[in-house]
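*Asks:* Dropping in target-v2.cif, with mmCIF, C-alpha atoms.
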data_structure
#
loop_
_atom_site.group_PDB
_atom_site.id
_atom_site.type_symbol
_atom_site.label_atom_id
_atom_site.label_comp_id
_atom_site.auth_asym_id
_atom_site.auth_seq_id
_atom_site.Cartn_x
_atom_site.Cartn_y
_atom_site.Cartn_z
ATOM 1 C CA MET A 1 405.959 90.913 247.038
ATOM 2 C CA THR A 2 409.604 90.675 248.061
ATOM 3 C CA GLY A 3 410.700 91.216 251.643
ATOM 4 C CA ALA A 4 414.075 91.245 253.341
ATOM 5 C CA ASP A 5 414.369 87.494 253.493
ATOM 6 C CA THR A 6 411.479 86.067 251.466
ATOM 7 C CA GLU A 7 410.767 85.794 247.765
ATOM 8 C CA THR A 8 407.513 84.721 246.158
ATOM 9 C CA ALA A 9 407.182 83.479 242.583
ATOM 10 C CA THR A 10 403.837 83.669 240.804
ATOM 11 C CA GLY A 11 402.540 82.201 237.574
ATOM 12 C CA ALA A 12 399.280 81.805 235.675
ATOM 13 C CA GLU A 13 397.302 78.616 236.161
ATOM 14 C CA THR A 14 396.564 77.115 232.771
ATOM 15 C CA ALA A 15 394.337 74.286 233.916
ATOM 16 C CA THR A 16 390.593 74.630 233.427
ATOM 17 C CA GLY A 17 389.236 77.167 235.900
ATOM 18 C CA GLY A 18 386.206 76.777 238.079
ATOM 19 C CA ARG A 19 384.304 79.973 237.220
ATOM 20 C CA GLY A 20 382.420 78.734 234.178
ATOM 21 C CA VAL A 21 382.602 79.516 230.509
ATOM 22 C CA LEU A 22 383.847 82.798 229.082
ATOM 23 C CA ARG A 23 380.998 85.150 228.187
ATOM 24 C CA PRO A 24 380.508 88.307 226.097
ATOM 25 C CA GLY A 25 381.654 91.439 227.902
ATOM 26 C CA GLU A 26 384.250 89.585 229.986
ATOM 27 C CA ARG A 27 387.863 90.640 229.947
ATOM 28 C CA VAL A 28 390.365 87.892 229.234
ATOM 29 C CA LEU A 29 394.134 87.793 229.177
ATOM 30 C CA LEU A 30 395.869 86.199 226.200
ATOM 31 C CA PHE A 31 399.546 85.338 226.605
ATOM 32 C CA ASP A 32 402.002 83.766 224.179
ATOM 33 C CA ALA A 33 405.108 81.610 224.561
ATOM 34 C CA LYS A 34 407.260 84.703 225.171
ATOM 35 C CA GLY A 35 405.054 85.887 228.024
ATOM 36 C CA ARG A 36 403.572 88.810 226.105
ATOM 37 C CA ARG A 37 400.174 89.717 227.538
ATOM 38 C CA TYR A 38 397.107 91.153 225.882
ATOM 39 C CA LEU A 39 393.960 92.279 227.701
ATOM 40 C CA VAL A 40 390.871 91.720 225.547
ATOM 41 C CA THR A 41 387.171 92.410 226.129
ATOM 42 C CA LEU A 42 385.170 89.648 224.464
ATOM 43 C CA ALA A 43 382.430 90.482 221.964
ATOM 44 C CA PRO A 44 380.649 88.213 219.458
ATOM 45 C CA GLY A 45 381.972 88.671 215.941
ATOM 46 C CA ALA A 46 384.992 90.720 217.031
ATOM 47 C CA GLU A 47 388.651 89.866 216.467
ATOM 48 C CA PHE A 48 391.874 90.270 218.430
ATOM 49 C CA HIS A 49 394.735 91.477 216.197
ATOM 50 C CA THR A 50 398.528 91.376 216.450
ATOM 51 C CA HIS A 51 401.341 91.134 213.903
ATOM 52 C CA ALA A 52 400.690 87.369 213.962
ATOM 53 C CA GLY A 53 397.194 87.779 212.526
ATOM 54 C CA PRO A 54 393.677 87.854 213.966
ATOM 55 C CA VAL A 55 392.038 85.586 216.523
ATOM 56 C CA PRO A 56 388.198 85.541 216.357
ATOM 57 C CA HIS A 57 386.572 86.174 219.726
ATOM 58 C CA ASP A 58 384.028 83.491 218.799
ATOM 59 C CA GLU A 59 386.790 80.890 219.215
ATOM 60 C CA ILE A 60 387.145 81.991 222.858
ATOM 61 C CA LEU A 61 383.519 82.665 223.801
ATOM 62 C CA GLY A 62 381.810 79.705 225.427
ATOM 63 C CA GLY A 63 385.129 78.044 226.226
ATOM 64 C CA GLU A 64 386.921 77.558 229.533
ATOM 65 C CA GLU A 65 390.010 79.256 230.925
ATOM 66 C CA GLY A 66 393.284 77.631 229.969
ATOM 67 C CA ARG A 67 392.379 76.799 226.391
ATOM 68 C CA VAL A 68 394.861 77.564 223.616
ATOM 69 C CA VAL A 69 393.733 79.427 220.518
ATOM 70 C CA ARG A 70 395.636 80.099 217.315
ATOM 71 C CA SER A 71 395.847 83.187 215.161
ATOM 72 C CA ALA A 72 395.421 83.098 211.400
ATOM 73 C CA ARG A 73 399.214 82.748 211.090
ATOM 74 C CA GLY A 74 399.518 79.969 213.639
ATOM 75 C CA ALA A 75 400.553 81.928 216.752
ATOM 76 C CA ARG A 76 399.425 80.234 219.976
ATOM 77 C CA TYR A 77 397.758 82.121 222.821
ATOM 78 C CA THR A 78 396.624 80.772 226.173
ATOM 79 C CA VAL A 79 393.397 82.302 227.455
ATOM 80 C CA VAL A 80 392.859 83.012 231.170
ATOM 81 C CA ARG A 81 390.843 85.447 233.223
ATOM 82 C CA PRO A 82 393.043 88.405 234.227
ATOM 83 C CA THR A 83 394.110 89.092 237.778
ATOM 84 C CA LEU A 84 393.472 92.473 239.358
ATOM 85 C CA SER A 85 397.156 93.233 238.805
ATOM 86 C CA ASP A 86 396.836 92.486 235.074
ATOM 87 C CA VAL A 87 393.833 94.777 234.763
ATOM 88 C CA VAL A 88 395.428 97.632 236.718
ATOM 89 C CA LEU A 89 398.528 97.590 234.529
ATOM 90 C CA LYS A 90 396.685 97.343 231.204
ATOM 91 C CA MET A 91 393.275 98.958 231.674
ATOM 92 C CA PRO A 92 392.271 102.239 229.993
ATOM 93 C CA ARG A 93 393.378 105.141 232.153
ATOM 94 C CA GLY A 94 392.981 108.873 232.336
ATOM 95 C CA ALA A 95 395.312 109.328 235.297
ATOM 96 C CA GLN A 96 398.346 107.667 236.826
ATOM 97 C CA VAL A 97 397.268 104.503 238.638
ATOM 98 C CA ILE A 98 398.301 103.130 242.009
ATOM 99 C CA TYR A 99 400.410 100.118 241.086
ATOM 100 C CA PRO A 100 399.840 96.581 242.395
ATOM 101 C CA LYS A 101 402.849 96.707 244.728
ATOM 102 C CA ASP A 102 401.109 99.470 246.696
ATOM 103 C CA LEU A 103 397.513 98.230 246.514
ATOM 104 C CA GLY A 104 398.124 95.319 248.894
ATOM 105 C CA PRO A 105 399.828 97.403 251.607
ATOM 106 C CA LEU A 106 397.094 100.060 251.327
ATOM 107 C CA LEU A 107 394.408 97.445 251.995
ATOM 108 C CA ILE A 108 396.310 96.173 255.047
ATOM 109 C CA LEU A 109 397.181 99.630 256.415
ATOM 110 C CA ALA A 110 393.565 100.729 256.033
ATOM 111 C CA ASP A 111 392.420 97.387 257.485
ATOM 112 C CA VAL A 112 389.564 97.161 254.982
ATOM 113 C CA PHE A 113 386.993 94.494 255.826
ATOM 114 C CA PRO A 114 383.750 93.244 254.227
ATOM 115 C CA GLY A 115 381.011 95.796 254.739
ATOM 116 C CA SER A 116 383.347 98.595 255.775
ATOM 117 C CA ARG A 117 382.205 102.118 254.889
ATOM 118 C CA VAL A 118 385.076 103.762 253.032
ATOM 119 C CA LEU A 119 385.442 107.261 251.646
ATOM 120 C CA GLU A 120 387.920 107.296 248.770
ATOM 121 C CA SER A 121 388.999 110.568 247.200
ATOM 122 C CA GLY A 122 391.188 110.948 244.131
ATOM 123 C CA LEU A 123 389.744 108.035 242.148
ATOM 124 C CA GLY A 124 392.007 108.383 239.137
ATOM 125 C CA SER A 125 391.366 105.386 236.894
ATOM 126 C CA GLY A 126 389.799 103.238 239.619
ATOM 127 C CA ALA A 127 392.658 100.879 240.505
ATOM 128 C CA LEU A 128 392.360 101.387 244.262
ATOM 129 C CA SER A 129 388.565 101.365 243.994
ATOM 130 C CA MET A 130 388.669 97.882 242.479
ATOM 131 C CA ALA A 131 390.950 96.610 245.250
ATOM 132 C CA LEU A 132 388.724 98.116 247.966
ATOM 133 C CA LEU A 133 385.547 96.724 246.407
ATOM 134 C CA ARG A 134 387.088 93.267 246.048
ATOM 135 C CA ALA A 135 387.921 93.409 249.765
ATOM 136 C CA GLY A 136 384.206 93.951 250.456
ATOM 137 C CA ALA A 137 384.084 97.712 251.078
ATOM 138 C CA ASP A 138 381.132 99.978 250.386
ATOM 139 C CA ILE A 139 382.704 103.055 248.794
ATOM 140 C CA THR A 140 381.723 106.689 248.683
ATOM 141 C CA GLY A 141 384.002 108.199 246.059
ATOM 142 C CA TYR A 142 384.838 111.889 245.614
ATOM 143 C CA GLU A 143 386.513 112.948 242.369
ATOM 144 C CA ILE A 144 386.832 116.539 241.114
ATOM 145 C CA ARG A 145 387.151 115.578 237.430
ATOM 146 C CA GLU A 146 384.044 114.210 235.760
ATOM 147 C CA ASP A 147 386.055 112.350 233.097
ATOM 148 C CA PHE A 148 388.133 110.578 235.762
ATOM 149 C CA ALA A 149 384.976 109.658 237.683
ATOM 150 C CA ALA A 150 383.423 108.175 234.537
ATOM 151 C CA ARG A 151 386.609 106.278 233.702
ATOM 152 C CA ALA A 152 386.842 104.834 237.212
ATOM 153 C CA ARG A 153 383.218 103.666 237.092
ATOM 154 C CA ALA A 154 383.737 102.093 233.670
ATOM 155 C CA ASN A 155 386.884 100.256 234.785
ATOM 156 C CA VAL A 156 385.188 99.001 237.956
ATOM 157 C CA ALA A 157 382.192 97.712 236.012
ATOM 158 C CA GLY A 158 384.419 96.195 233.329
ATOM 159 C CA PHE A 159 386.379 94.101 235.827
ATOM 160 C CA LEU A 160 383.984 93.466 238.723
ATOM 161 C CA GLY A 161 380.676 93.612 236.847
ATOM 162 C CA GLU A 162 377.810 96.091 236.903
ATOM 163 C CA GLU A 163 376.656 94.764 240.285
ATOM 164 C CA ALA A 164 379.802 96.225 241.902
ATOM 165 C CA LEU A 165 378.456 99.709 241.158
ATOM 166 C CA GLU A 166 375.790 99.102 243.826
ATOM 167 C CA ARG A 167 378.613 99.515 246.377
ATOM 168 C CA TYR A 168 380.411 102.281 244.473
ATOM 169 C CA HIS A 169 378.785 105.686 244.946
ATOM 170 C CA VAL A 170 380.776 108.304 243.036
ATOM 171 C CA SER A 171 380.217 112.058 243.258
ATOM 172 C CA VAL A 172 381.980 114.771 241.281
ATOM 173 C CA ARG A 173 383.047 117.005 244.161
ATOM 174 C CA ASP A 174 386.062 118.388 246.025
ATOM 175 C CA VAL A 175 386.868 116.649 249.314
ATOM 176 C CA TYR A 176 388.909 119.705 250.368
ATOM 177 C CA GLU A 177 385.576 121.506 250.740
ATOM 178 C CA GLY A 178 384.185 118.971 253.185
ATOM 179 C CA ILE A 179 382.731 115.487 253.709
ATOM 180 C CA ASP A 180 378.950 115.292 253.957
ATOM 181 C CA THR A 181 378.704 111.905 255.661
ATOM 182 C CA SER A 182 379.674 110.589 259.075
ATOM 183 C CA GLY A 183 380.307 107.316 260.839
ATOM 184 C CA LEU A 184 382.843 106.230 258.213
ATOM 185 C CA ASP A 185 385.133 103.315 258.999
ATOM 186 C CA ARG A 186 387.981 104.379 256.734
ATOM 187 C CA ILE A 187 389.131 107.304 254.579
ATOM 188 C CA VAL A 188 391.662 106.609 251.821
ATOM 189 C CA LEU A 189 393.184 109.512 249.909
ATOM 190 C CA ASP A 190 395.230 109.801 246.728
ATOM 191 C CA LEU A 191 395.542 113.580 246.674
ATOM 192 C CA PRO A 192 398.371 116.128 246.460
ATOM 193 C CA GLU A 193 397.390 117.932 249.712
ATOM 194 C CA PRO A 194 395.783 115.392 252.081
ATOM 195 C CA TRP A 195 396.540 117.595 255.123
ATOM 196 C CA ARG A 196 393.631 119.774 253.984
ATOM 197 C CA VAL A 197 391.295 116.824 254.633
ATOM 198 C CA VAL A 198 392.426 116.020 258.181
ATOM 199 C CA GLY A 199 389.890 118.315 259.872
ATOM 200 C CA HIS A 200 387.036 116.945 257.755
ATOM 201 C CA ALA A 201 388.222 113.389 258.453
ATOM 202 C CA GLU A 202 388.147 113.949 262.225
ATOM 203 C CA ARG A 203 384.440 114.722 262.006
ATOM 204 C CA ALA A 204 383.522 112.100 259.371
ATOM 205 C CA LEU A 205 385.258 109.039 260.840
ATOM 206 C CA ARG A 206 383.779 107.007 263.652
ATOM 207 C CA PRO A 207 385.892 106.592 266.823
ATOM 208 C CA GLY A 208 388.682 104.167 265.936
ATOM 209 C CA GLY A 209 388.398 104.951 262.232
ATOM 210 C CA ILE A 210 391.504 105.046 260.036
ATOM 211 C CA LEU A 211 392.854 107.661 257.627
ATOM 212 C CA VAL A 212 395.362 106.540 254.985
ATOM 213 C CA ALA A 213 397.039 108.779 252.388
ATOM 214 C CA TYR A 214 399.059 107.665 249.364
ATOM 215 C CA LEU A 215 401.815 110.165 248.533
ATOM 216 C CA PRO A 216 404.681 110.253 246.018
ATOM 217 C CA THR A 217 407.112 112.632 247.799
ATOM 218 C CA ILE A 218 408.547 112.886 251.305
ATOM 219 C CA LEU A 219 407.820 116.640 251.434
ATOM 220 C CA GLN A 220 404.096 115.869 251.120
ATOM 221 C CA VAL A 221 404.467 113.210 253.811
ATOM 222 C CA ALA A 222 406.141 115.716 256.134
ATOM 223 C CA ALA A 223 403.333 118.247 255.644
ATOM 224 C CA LEU A 224 400.707 115.599 256.388
ATOM 225 C CA ARG A 225 402.518 114.308 259.462
ATOM 226 C CA GLU A 226 402.890 117.836 260.813
ATOM 227 C CA ARG A 227 399.116 118.381 260.453
ATOM 228 C CA LEU A 228 398.312 114.991 261.996
ATOM 229 C CA ALA A 229 400.433 115.903 265.021
ATOM 230 C CA ARG A 230 397.993 118.768 265.683
ATOM 231 C CA SER A 231 394.899 116.592 265.288
ATOM 232 C CA ALA A 232 392.933 113.982 267.220
ATOM 233 C CA PHE A 233 394.594 111.170 265.254
ATOM 234 C CA GLY A 234 397.091 108.894 266.984
ATOM 235 C CA LEU A 235 399.385 105.985 266.063
ATOM 236 C CA ALA A 236 400.603 107.748 262.913
ATOM 237 C CA GLU A 237 403.154 105.890 260.805
ATOM 238 C CA THR A 238 404.856 106.308 257.452
ATOM 239 C CA VAL A 239 405.733 103.355 255.203
ATOM 240 C CA GLU A 240 407.676 103.122 251.948
ATOM 241 C CA VAL A 241 407.031 100.036 249.813
ATOM 242 C CA LEU A 242 409.887 98.766 247.649
ATOM 243 C CA GLN A 243 409.688 95.956 245.108
ATOM 244 C CA ARG A 244 412.536 94.190 243.354
ATOM 245 C CA GLY A 245 411.881 91.776 240.520
ATOM 246 C CA TRP A 246 414.025 88.700 239.803
ATOM 247 C CA HIS A 247 415.013 87.231 236.456
ATOM 248 C CA VAL A 248 414.862 83.424 236.746
ATOM 249 C CA GLU A 249 415.604 81.421 233.601
ATOM 250 C CA GLY A 250 417.387 78.101 233.945
ATOM 251 C CA GLN A 251 420.718 78.660 235.674
ATOM 252 C CA SER A 252 420.447 82.389 235.095
ATOM 253 C CA VAL A 253 419.148 83.910 238.326
ATOM 254 C CA ARG A 254 419.660 87.592 238.947
#
For the file at hand, write its structure as structure tokens.
*Replies:*
Amino acid sequence: MTGADTETATGAETATGGRGVLRPGERVLLFDAKGRRYLVTLAPGAEFHTHAGPVPHDEILGGEEGRVVRSARGARYTVVRPTLSDVVLKMPRGAQVIYPKDLGPLLILADVFPGSRVLESGLGSGALSMALLRAGADITGYEIREDFAARARANVAGFLGEEALERYHVSVRDVYEGIDTSGLDRIVLDLPEPWRVVGHAERALRPGGILVAYLPTILQVAALRERLARSAFGLAETVEVLQRGWHVEGQSVR
């Protein structure tokens, strides 16, 4: 993330990782000398294909992160476990995802902590769900589209493992019609009309609970803020997150 006076550079660690060997069903990231990235789910007997020829999954399975494999035509690929950012940008999706630059601020603004009870509505493809679960939340998810709910569950299980679904309770329902639980720590919304949830949120959140909404336009923000001003919520704030990438290659820095 880039701020007004700080820049952070990131890279992939290619030394042997400490999480054990790569197993069937795991997702791995293959990257080549030009930085091209490929997200692959490992399966015995399967192959990864590009214009440079196939790479058998069996050459990756049972190995450690950081190893280099070659395609049938000699292309070299380094194998690592993907970051959450890699998965969010490349995972199968049925809806627009919340991008990595916004996932971090959402976790901080919502102040998500291990064991927190979070209602998330508007699951999309599950990007925010994965970030919340990794932060230790126990999620009740409302999603009006059954296909989106199924996709979110599949993406969560594919990245975090089936055990993560024990903390991910998804219902196909409309949060605008109400919230049937109480004592929630946090409510996080990715919906076009979050102001319609404010009344429900007042009753569902515990005292001191937090409501956070992710919105693409300032007109939606204005409508939400106007509704919040007539509610029991206090300390309302609006934040825009900007990200600027840098090209750094030798003496070329821009």
*Asks:* Name the closest residue to A:Val28 among the candidates A:His57, A:Arg145, A:Arg186, A:Lys101; distances are taken between atoms, counting only C-alpha atoms.
*Replies:*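 Among A:His57, A:Arg145, A:Arg186, A:Lys101, it is A:His57 that comes nearest to A:Val28.
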*Asks:* From the set A:Leu22, A:Ala150, A:Leu189, A:Leu184, which residue has the shortest atom-to-atom contact distance to A:Glu120, counting all atoms listed in the file?
*Replies:*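 Smallest distance to A:Glu120 is found for A:Leu189.
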*Asks:* Assuming the chain letters and numbering stay as they are in my file, what does the PyMOL selection byres ((chain A and resi 216) around 12) actually select? List them as a PDB file with C-alpha atoms, in the coordinates of the input.
*Replies:*
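Written output follows (selection25.pdb):
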ATOM      1  CA  GLN A  96     398.346 107.667 236.826  1.00  0.00           C
ATOM      2  CA  VAL A  97     397.268 104.503 238.638  1.00  0.00           C
ATOM      3  CA  ILE A  98     398.301 103.130 242.009  1.00  0.00           C
ATOM      4  CA  ASP A 102     401.109  99.470 246.696  1.00  0.00           C
ATOM      5  CA  ASP A 190     395.230 109.801 246.728  1.00  0.00           C
ATOM      6  CA  LEU A 191     395.542 113.580 246.674  1.00  0.00           C
ATOM      7  CA  PRO A 192     398.371 116.128 246.460  1.00  0.00           C
ATOM      8  CA  GLU A 193     397.390 117.932 249.712  1.00  0.00           C
ATOM      9  CA  PRO A 194     395.783 115.392 252.081  1.00  0.00           C
ATOM     10  CA  ALA A 213     397.039 108.779 252.388  1.00  0.00           C
ATOM     11  CA  TYR A 214     399.059 107.665 249.364  1.00  0.00           C
ATOM     12  CA  LEU A 215     401.815 110.165 248.533  1.00  0.00           C
ATOM     13  CA  THR A 217     407.112 112.632 247.799  1.00  0.00           C
ATOM     14  CA  ILE A 218     408.547 112.886 251.305  1.00  0.00           C
ATOM     15  CA  LEU A 219     407.820 116.640 251.434  1.00  0.00           C
ATOM     16  CA  GLN A 220     404.096 115.869 251.120  1.00  0.00           C
ATOM     17  CA  VAL A 221     404.467 113.210 253.811  1.00  0.00           C
ATOM     18  CA  ALA A 222     406.141 115.716 256.134  1.00  0.00           C
ATOM     19  CA  VAL A 239     405.733 103.355 255.203  1.00  0.00           C
ATOM     20  CA  GLU A 240     407.676 103.122 251.948  1.00  0.00           C
ATOM     21  CA  VAL A 241     407.031 100.036 249.813  1.00  0.00           C
TER      22      VAL A 241
END
*Asks:* Choose the residue, out of A:Glu26, A:Asp180, A:Asp32, A:Glu249, that has the smallest atom-to-atom separation from A:Tyr77; count only C-alpha atoms.
*Replies:*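 When distances to A:Tyr77 are compared using only C-alpha atoms, the smallest one comes from A:Asp32.
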*Asks:* Extract, using only C-alpha atoms, all DNA, RNA and protein residues at most 9 Å from A:Asp111, discarding same-chain residues fewer than 3 positions from it, and format them as a PDB file with C-alpha atoms, keeping the file's coordinate frame.
*Replies:*
ATOM      1  CA  LEU A 106     397.094 100.060 251.327  1.00  0.00           C
ATOM      2  CA  LEU A 107     394.408  97.445 251.995  1.00  0.00           C
ATOM      3  CA  ILE A 108     396.310  96.173 255.047  1.00  0.00           C
ATOM      4  CA  ARG A 186     387.981 104.379 256.734  1.00  0.00           C
ATOM      5  CA  ILE A 210     391.504 105.046 260.036  1.00  0.00           C
TER       6      ILE A 210
END
*Asks:* Which residue, A:Arg37, A:Arg76, A:Arg117, A:Arg230, has the smallest gap to A:Leu89 when you use all atoms listed in the file?
*Replies:*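 Distance minimum relative to A:Leu89 lands on A:Arg37.
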